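Note: the block below is final.txt and it holds compact mmCIF, C-alpha atoms and all ligand atoms.
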```txt
# COMPACT_ATOMS: atom_id res chain seq x y z
CA LEU Q 1 -148.35 100.60 29.29
CA PRO Q 2 -146.87 97.53 30.98
CA LEU Q 3 -148.49 96.47 34.22
CA GLN Q 4 -146.50 97.99 37.05
CA VAL Q 5 -145.86 96.13 40.25
CA SER Q 6 -144.33 99.08 42.03
CA SER Q 7 -146.33 100.15 45.04
CA LEU Q 8 -146.61 103.63 43.54
CA GLY Q 9 -148.98 102.19 40.97
CA VAL Q 10 -149.18 102.95 37.28
CA GLU Q 11 -149.32 106.76 37.49
CA GLY Q 12 -148.22 107.34 41.06
CA GLU Q 13 -151.78 106.77 42.32
CA GLY Q 14 -150.31 104.47 45.00
CA ILE Q 15 -150.13 107.54 47.24
CA TRP Q 16 -153.94 107.77 47.24
CA LEU Q 17 -154.29 104.03 47.80
CA ALA Q 18 -151.95 104.34 50.80
CA LEU Q 19 -153.96 107.29 52.15
CA GLY Q 20 -157.18 105.38 51.57
CA THR Q 21 -155.80 102.38 53.49
CA VAL Q 22 -154.75 104.56 56.42
CA GLY Q 23 -158.06 106.46 56.42
CA MET Q 24 -160.10 103.25 56.47
CA LEU Q 25 -157.91 101.75 59.22
CA LEU Q 26 -158.15 104.88 61.37
CA GLY Q 27 -161.93 104.90 60.90
CA MET Q 28 -162.15 101.23 61.81
CA VAL Q 29 -160.00 101.64 64.93
CA TYR Q 30 -162.02 104.70 65.99
CA PHE Q 31 -165.32 102.84 65.58
CA MET Q 32 -163.91 99.84 67.50
CA ALA Q 33 -162.67 102.00 70.37
CA LYS Q 34 -165.95 103.91 70.52
CA GLY Q 35 -168.00 100.72 70.50
CA TRP Q 36 -165.78 98.78 72.89
CA ASP Q 37 -168.13 98.76 75.86
CA VAL Q 38 -171.44 99.08 74.08
CA GLN Q 39 -173.81 96.56 75.70
CA ASP Q 40 -177.12 97.20 74.00
CA PRO Q 41 -177.51 94.53 71.28
CA GLU Q 42 -179.35 96.87 68.90
CA GLN Q 43 -176.66 99.49 69.21
CA GLU Q 44 -173.99 96.80 68.87
CA GLU Q 45 -175.42 95.82 65.50
CA PHE Q 46 -174.68 99.28 64.05
CA TYR Q 47 -171.11 99.06 65.35
CA VAL Q 48 -170.49 95.59 63.93
CA ILE Q 49 -171.80 96.56 60.49
CA THR Q 50 -169.92 99.86 60.37
CA ILE Q 51 -166.62 98.36 61.60
CA LEU Q 52 -166.99 95.63 58.97
CA ILE Q 53 -167.49 98.23 56.24
CA ALA Q 54 -164.27 100.03 57.21
CA GLY Q 55 -162.36 96.73 57.55
CA ILE Q 56 -163.42 95.45 54.12
CA ALA Q 57 -162.46 98.77 52.53
CA ALA Q 58 -159.09 98.83 54.33
CA SER Q 59 -158.26 95.34 52.96
CA SER Q 60 -159.38 96.33 49.49
CA TYR Q 61 -157.26 99.50 49.54
CA LEU Q 62 -154.24 97.62 50.86
CA SER Q 63 -154.57 95.01 48.11
CA MET Q 64 -154.78 97.75 45.48
CA PHE Q 65 -151.77 99.50 47.00
CA PHE Q 66 -149.74 96.31 46.55
CA GLY Q 67 -150.82 96.05 42.93
CA PHE Q 68 -153.06 93.06 43.51
CA GLY Q 69 -156.54 93.81 42.32
CA LEU Q 70 -155.13 95.68 39.33
CA THR Q 71 -155.66 94.27 35.87
CA GLU Q 72 -155.34 95.37 32.24
CA VAL Q 73 -158.28 95.32 29.87
CA GLU Q 74 -157.42 95.30 26.18
CA LEU Q 75 -160.25 96.87 24.21
CA VAL Q 76 -161.07 95.75 20.68
CA ASN Q 77 -159.98 99.17 19.41
CA GLY Q 78 -156.47 98.47 20.69
CA ARG Q 79 -156.69 100.75 23.73
CA VAL Q 80 -155.33 99.14 26.90
CA ILE Q 81 -156.67 100.35 30.22
CA ASP Q 82 -155.52 99.70 33.78
CA VAL Q 83 -158.40 98.77 36.01
CA TYR Q 84 -158.55 98.33 39.77
CA TRP Q 85 -161.16 95.58 39.89
CA ALA Q 86 -160.71 95.07 43.66
CA ARG Q 87 -162.99 98.11 44.20
CA TYR Q 88 -165.93 96.14 42.91
CA ALA Q 89 -165.28 93.27 45.34
CA ASP Q 90 -165.24 95.88 48.13
CA TRP Q 91 -168.41 97.65 46.91
CA LEU Q 92 -170.30 94.37 46.43
CA PHE Q 93 -170.14 93.84 50.20
CA THR Q 94 -169.89 97.38 51.58
CA THR Q 95 -172.74 99.04 49.67
CA PRO Q 96 -175.30 96.47 50.97
CA LEU Q 97 -173.87 96.94 54.48
CA LEU Q 98 -174.24 100.73 54.21
CA LEU Q 99 -177.84 100.27 53.11
CA LEU Q 100 -178.38 97.84 55.98
CA ASP Q 101 -177.10 100.47 58.42
CA ILE Q 102 -179.48 103.16 57.16
CA GLY Q 103 -182.34 100.67 56.79
CA LEU Q 104 -181.98 99.55 60.41
CA LEU Q 105 -181.93 103.17 61.52
CA ALA Q 106 -185.13 103.86 59.59
CA GLY Q 107 -186.77 100.67 60.79
CA ALA Q 108 -187.41 99.46 57.23
CA SER Q 109 -188.99 96.03 56.76
CA ASN Q 110 -186.87 92.98 55.86
CA ARG Q 111 -188.77 92.71 52.63
CA ASP Q 112 -187.91 96.28 51.60
CA MET Q 113 -184.29 95.81 52.63
CA ALA Q 114 -184.03 92.62 50.58
CA SER Q 115 -185.32 94.42 47.48
CA LEU Q 116 -183.03 97.39 48.00
CA ILE Q 117 -179.94 95.23 48.52
CA THR Q 118 -180.75 93.08 45.49
CA ILE Q 119 -180.94 96.11 43.18
CA ASP Q 120 -177.74 97.44 44.76
CA ALA Q 121 -175.85 94.18 44.12
CA PHE Q 122 -177.17 94.22 40.53
CA MET Q 123 -175.77 97.76 40.19
CA ILE Q 124 -172.28 96.65 41.28
CA VAL Q 125 -172.22 93.47 39.17
CA THR Q 126 -173.33 95.31 36.01
CA GLY Q 127 -170.78 98.03 36.86
CA LEU Q 128 -168.05 95.35 36.99
CA ALA Q 129 -169.28 93.98 33.65
CA ALA Q 130 -169.02 97.50 32.19
CA THR Q 131 -165.47 97.73 33.51
CA LEU Q 132 -164.20 94.42 32.12
CA MET Q 133 -165.80 94.39 28.65
CA LYS Q 134 -163.65 94.73 25.56
CA VAL Q 135 -166.21 96.28 23.23
CA PRO Q 136 -166.63 100.02 23.96
CA VAL Q 137 -170.35 100.14 23.13
CA ALA Q 138 -170.94 97.20 25.49
CA ARG Q 139 -169.06 99.04 28.23
CA TYR Q 140 -171.35 102.08 27.91
CA ALA Q 141 -174.45 99.88 27.65
CA PHE Q 142 -173.62 98.21 30.96
CA TRP Q 143 -172.67 101.56 32.51
CA THR Q 144 -176.17 102.78 31.56
CA ILE Q 145 -177.83 99.68 33.04
CA SER Q 146 -175.83 100.07 36.25
CA THR Q 147 -176.67 103.78 36.47
CA ILE Q 148 -180.38 103.08 36.03
CA ALA Q 149 -180.11 100.52 38.85
CA MET Q 150 -178.45 103.21 40.98
CA LEU Q 151 -181.32 105.62 40.31
CA PHE Q 152 -183.72 102.90 41.52
CA VAL Q 153 -181.62 102.41 44.67
CA LEU Q 154 -181.64 106.15 45.42
CA TYR Q 155 -185.36 106.46 44.65
CA TYR Q 156 -186.16 103.47 46.88
CA LEU Q 157 -184.04 104.91 49.65
CA VAL Q 158 -185.85 108.26 49.57
CA VAL Q 159 -189.40 107.00 49.05
CA VAL Q 160 -189.69 103.53 50.61
CA VAL Q 161 -187.04 103.68 53.35
CA GLY Q 162 -187.93 107.35 53.91
CA GLU Q 163 -191.53 106.33 54.53
CA ALA Q 164 -190.41 103.84 57.18
CA ALA Q 165 -188.19 106.53 58.74
CA SER Q 166 -191.14 108.89 59.13
CA ASP Q 167 -192.46 106.56 61.86
CA ALA Q 168 -189.15 106.60 63.73
CA SER Q 169 -188.08 108.82 66.63
CA GLU Q 170 -187.22 112.45 65.94
CA GLU Q 171 -183.54 111.72 66.55
CA ALA Q 172 -183.61 108.83 64.10
CA GLN Q 173 -185.41 110.93 61.51
CA SER Q 174 -182.88 113.73 61.60
CA THR Q 175 -179.91 111.31 61.46
CA PHE Q 176 -181.66 109.47 58.62
CA ASN Q 177 -182.02 112.72 56.67
CA VAL Q 178 -178.33 113.57 56.99
CA LEU Q 179 -177.16 110.05 56.04
CA ARG Q 180 -179.64 109.84 53.17
CA ASN Q 181 -178.30 113.14 51.79
CA ILE Q 182 -174.70 111.88 52.04
CA ILE Q 183 -175.72 108.80 50.04
CA LEU Q 184 -177.67 110.84 47.47
CA VAL Q 185 -174.73 113.14 46.78
CA ALA Q 186 -171.75 110.79 47.18
CA TRP Q 187 -173.17 107.73 45.41
CA ALA Q 188 -174.33 109.73 42.40
CA ILE Q 189 -170.74 110.88 41.75
CA TYR Q 190 -169.42 107.29 41.31
CA PRO Q 191 -170.87 106.73 37.81
CA VAL Q 192 -169.58 110.17 36.80
CA ALA Q 193 -166.09 109.28 38.06
CA TRP Q 194 -166.23 106.03 36.05
CA LEU Q 195 -167.39 107.91 32.96
CA VAL Q 196 -164.73 110.63 33.02
CA GLY Q 197 -162.04 108.25 34.31
CA THR Q 198 -159.93 105.60 32.63
CA GLU Q 199 -162.79 103.09 32.38
CA GLY Q 200 -164.81 105.54 30.30
CA LEU Q 201 -163.82 108.60 28.30
CA GLY Q 202 -160.39 108.91 29.87
CA LEU Q 203 -160.73 112.66 30.51
CA VAL Q 204 -159.17 112.07 33.92
CA GLY Q 205 -156.14 109.79 34.36
CA LEU Q 206 -155.69 106.99 36.87
CA PHE Q 207 -154.02 109.39 39.32
CA GLY Q 208 -156.97 111.79 39.47
CA GLU Q 209 -159.57 109.06 39.35
CA THR Q 210 -157.99 107.15 42.25
CA LEU Q 211 -157.94 110.37 44.28
CA LEU Q 212 -161.61 111.01 43.50
CA PHE Q 213 -162.65 107.47 44.45
CA MET Q 214 -160.65 107.71 47.67
CA ILE Q 215 -162.45 110.91 48.71
CA LEU Q 216 -165.82 109.37 47.80
CA ASP Q 217 -165.07 106.10 49.62
CA LEU Q 218 -163.91 107.87 52.78
CA THR Q 219 -166.98 110.13 52.76
CA ALA Q 220 -169.46 107.35 52.02
CA LYS Q 221 -167.98 104.95 54.58
CA ILE Q 222 -166.08 106.76 57.34
CA GLY Q 223 -167.92 110.10 57.24
CA PHE Q 224 -171.20 108.16 57.11
CA GLY Q 225 -170.18 105.85 59.99
CA PHE Q 226 -168.96 108.76 62.09
CA ILE Q 227 -172.34 110.52 61.86
CA LEU Q 228 -174.30 107.29 62.40
CA LEU Q 229 -172.38 106.10 65.45
CA ARG Q 230 -172.32 109.53 67.08
CA SER Q 231 -176.08 109.84 66.78
CA ARG Q 232 -178.17 109.30 69.88
CA ALA Q 233 -180.73 107.76 67.55
CA ILE Q 234 -178.91 104.40 67.52
CA VAL Q 235 -178.97 104.07 71.28
CA GLY Q 236 -181.70 101.51 71.87
CA GLY Q 237 -184.53 102.16 74.32
CA ASP Q 238 -184.69 104.86 77.01
CA SER Q 239 -182.31 103.11 79.39
CA ALA Q 240 -179.32 104.29 77.41
CA PRO Q 241 -176.65 106.15 79.33
CA THR Q 242 -176.41 109.81 78.46
C1 LIG B 301 -170.11 102.11 38.94
C2 LIG B 301 -169.92 102.03 37.43
C3 LIG B 301 -171.06 101.95 36.59
C4 LIG B 301 -172.18 102.83 36.96
C5 LIG B 301 -172.41 102.98 38.42
C6 LIG B 301 -171.45 102.69 39.36
C7 LIG B 301 -171.80 102.97 40.77
C8 LIG B 301 -171.10 102.76 41.86
C9 LIG B 301 -171.47 103.14 43.18
C10 LIG B 301 -170.60 102.82 44.15
C11 LIG B 301 -170.70 103.14 45.51
C12 LIG B 301 -169.72 102.83 46.32
C13 LIG B 301 -169.64 103.14 47.72
C14 LIG B 301 -168.57 102.69 48.35
C15 LIG B 301 -168.33 102.87 49.73
O1 LIG B 301 -167.48 103.58 50.13
C16 LIG B 301 -170.00 100.71 39.50
C17 LIG B 301 -168.96 102.97 39.40
C18 LIG B 301 -173.77 103.48 38.83
C19 LIG B 301 -172.71 103.86 43.46
C20 LIG B 301 -170.68 103.91 48.39
```
Take the structure in the file and write it out as structure tokens.
Amino acid sequence: LPLQVSSLGVEGEGIWLALGTVGMLLGMVYFMAKGWDVQDPEQEEFYVITILIAGIAASSYLSMFFGFGLTEVELVNGRVIDVYWARYADWLFTTPLLLLDIGLLAGASNRDMASLITIDAFMIVTGLAATLMKVPVARYAFWTISTIAMLFVLYYLVVVVGEAASDASEEAQSTFNVLRNIILVAWAIYPVAWLVGTEGLGLVGLFGETLLFMILDLTAKIGFGFILLRSRAIVGGDSAPT
């Protein structure tokens, strides 16, 4: 398949990239409006991080919509696959920011956050390696390494960050539990989407895979941010307006 430059994409998946762009922009504008007159510096931090997450994703989606961030990988077996590599640039920055959000909520230590974010970045970089390799067995080897890193991230989030959260306020604990569950479910679907999608076994085409990633990205970023920023748990101190 020749590389298409039409904004509909290779298989018409441009519609999902357009929807993803709009969804991220709407989320970003909503978070900005909601945070406009937030004064408390601790609360402000959550807004800045969450707005940044939506903004990075909106740019990434827009670039994919315009066909930038799309490349072809020619495998040694002659198969040619279309790959949206721009996702990985997005995820490299947004997944650490999401972890930072939930880590701040839980009151995790800087040391624990640094470890968690390092494993997370390793997961994305090895995932990109899996995506760009030409030898199929190497692709699956790196997919396995990346998935193991993801299991460490999820384990660390539940056990280590969860332990820190157990010392937090009741509000913070209940918001932490909801956000942690969103991460546990949504993040775990990403490697499955890769595996069944065009990068892996090709059971699902680029159209379906792009739709799946869009739903996951909107849930993991905008749904997550919506719950976080609506929680009273992020309002610092007792002086917060009610
Ligand atoms: C890849 C491929 C290889 C195996 C694994 C992956 C995991 C990706 C994840 C991405 C999360 C993205 C989020 C984006 C924000 O909206 C790279 C797909 C494990 C977990 C939360």
Please write as a VMD selection string the list of polymer residues whose atoms come within 12 Å of (-179.4, 117.9, 63.1), counting all atoms listed in the file and keeping to the coordinates of the file.
chain Q and resid 170 to 179 227 to 228 230 to 233
I'd like the neighbourhood of Ala130 (chain Q) as a PDB file with C-alpha atoms, in the frame of the given file, where a residue qualifies if any of its atoms comes within 7 Å (using only C-alpha atoms), though same-chain residues fewer than 5 positions away should be ignored.
```pdb
ATOM      1  CA  ALA Q 138    -170.940  97.200  25.490  1.00  0.00           C
ATOM      2  CA  ARG Q 139    -169.060  99.040  28.230  1.00  0.00           C
ATOM      3  CA  TYR Q 140    -171.350 102.080  27.910  1.00  0.00           C
ATOM      4  CA  PHE Q 142    -173.620  98.210  30.960  1.00  0.00           C
ATOM      5  CA  TRP Q 143    -172.670 101.560  32.510  1.00  0.00           C
TER       6      TRP Q 143
END
```
So that all listed atoms of ligand LIG 301 (chain B) fit with 5 Å spare on each side, what axis-aligned box centre and edge lengths in Å, to one decimal, would you give as lines of an AutoDock Vina configuration file?
```
center_x = -170.6
center_y = 102.3
center_z = 43.4
size_x = 16.3
size_y = 13.2
size_z = 23.5
```
Extract, using only C-alpha atoms, all DNA, RNA and protein residues at most 8 Å from Thr147 (chain Q), discarding same-chain residues fewer than 3 positions from it, and format them as a PyMOL selection string.
chain Q and resi 123+143-144+150-151+191
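Pairwise distance (CA of Val76 (chain Q), CA of Met133 (chain Q)) equals 9.4 Å.
One finds CA of Ala149 (chain Q) at 11.8 Å from atom C11 of ligand LIG 301 (chain B).
Taking all atoms listed in the file into account, those protein, DNA and RNA residues with any atom at most 12 Å away from (-171.8, 100.3, 75.1) amount to Phe31, Met32, Ala33, Lys34, Gly35, Trp36, Asp37, Val38, Gln39, Asp40, Pro41, Glu42, Gln43, Glu44, Glu45, Phe46, Tyr47, Leu229, Ile234, Val235, Gly236, Ser239, Ala240, Pro241 and Thr242 of chain Q.
Among the candidate residues Q:Leu19, Q:Val135, Q:Leu116, Q:Leu98, the one lying nearest to ligand LIG 301 (chain B) is Q:Leu98, with distances computed using all atoms listed in the file.
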Contacts of Ile222 (chain Q) at 12 Å (all atoms listed in the file; same-chain gap of 4+ positions) as JSON, numbers by chain
{"Q": [20, 21, 22, 23, 24, 25, 26, 27, 28, 29, 30, 31, 50, 51, 52, 53, 54, 55, 57, 58, 94, 98, 179, 182, 214, 215, 216, 217, 218, 226, 227, 228, 229, 230]}
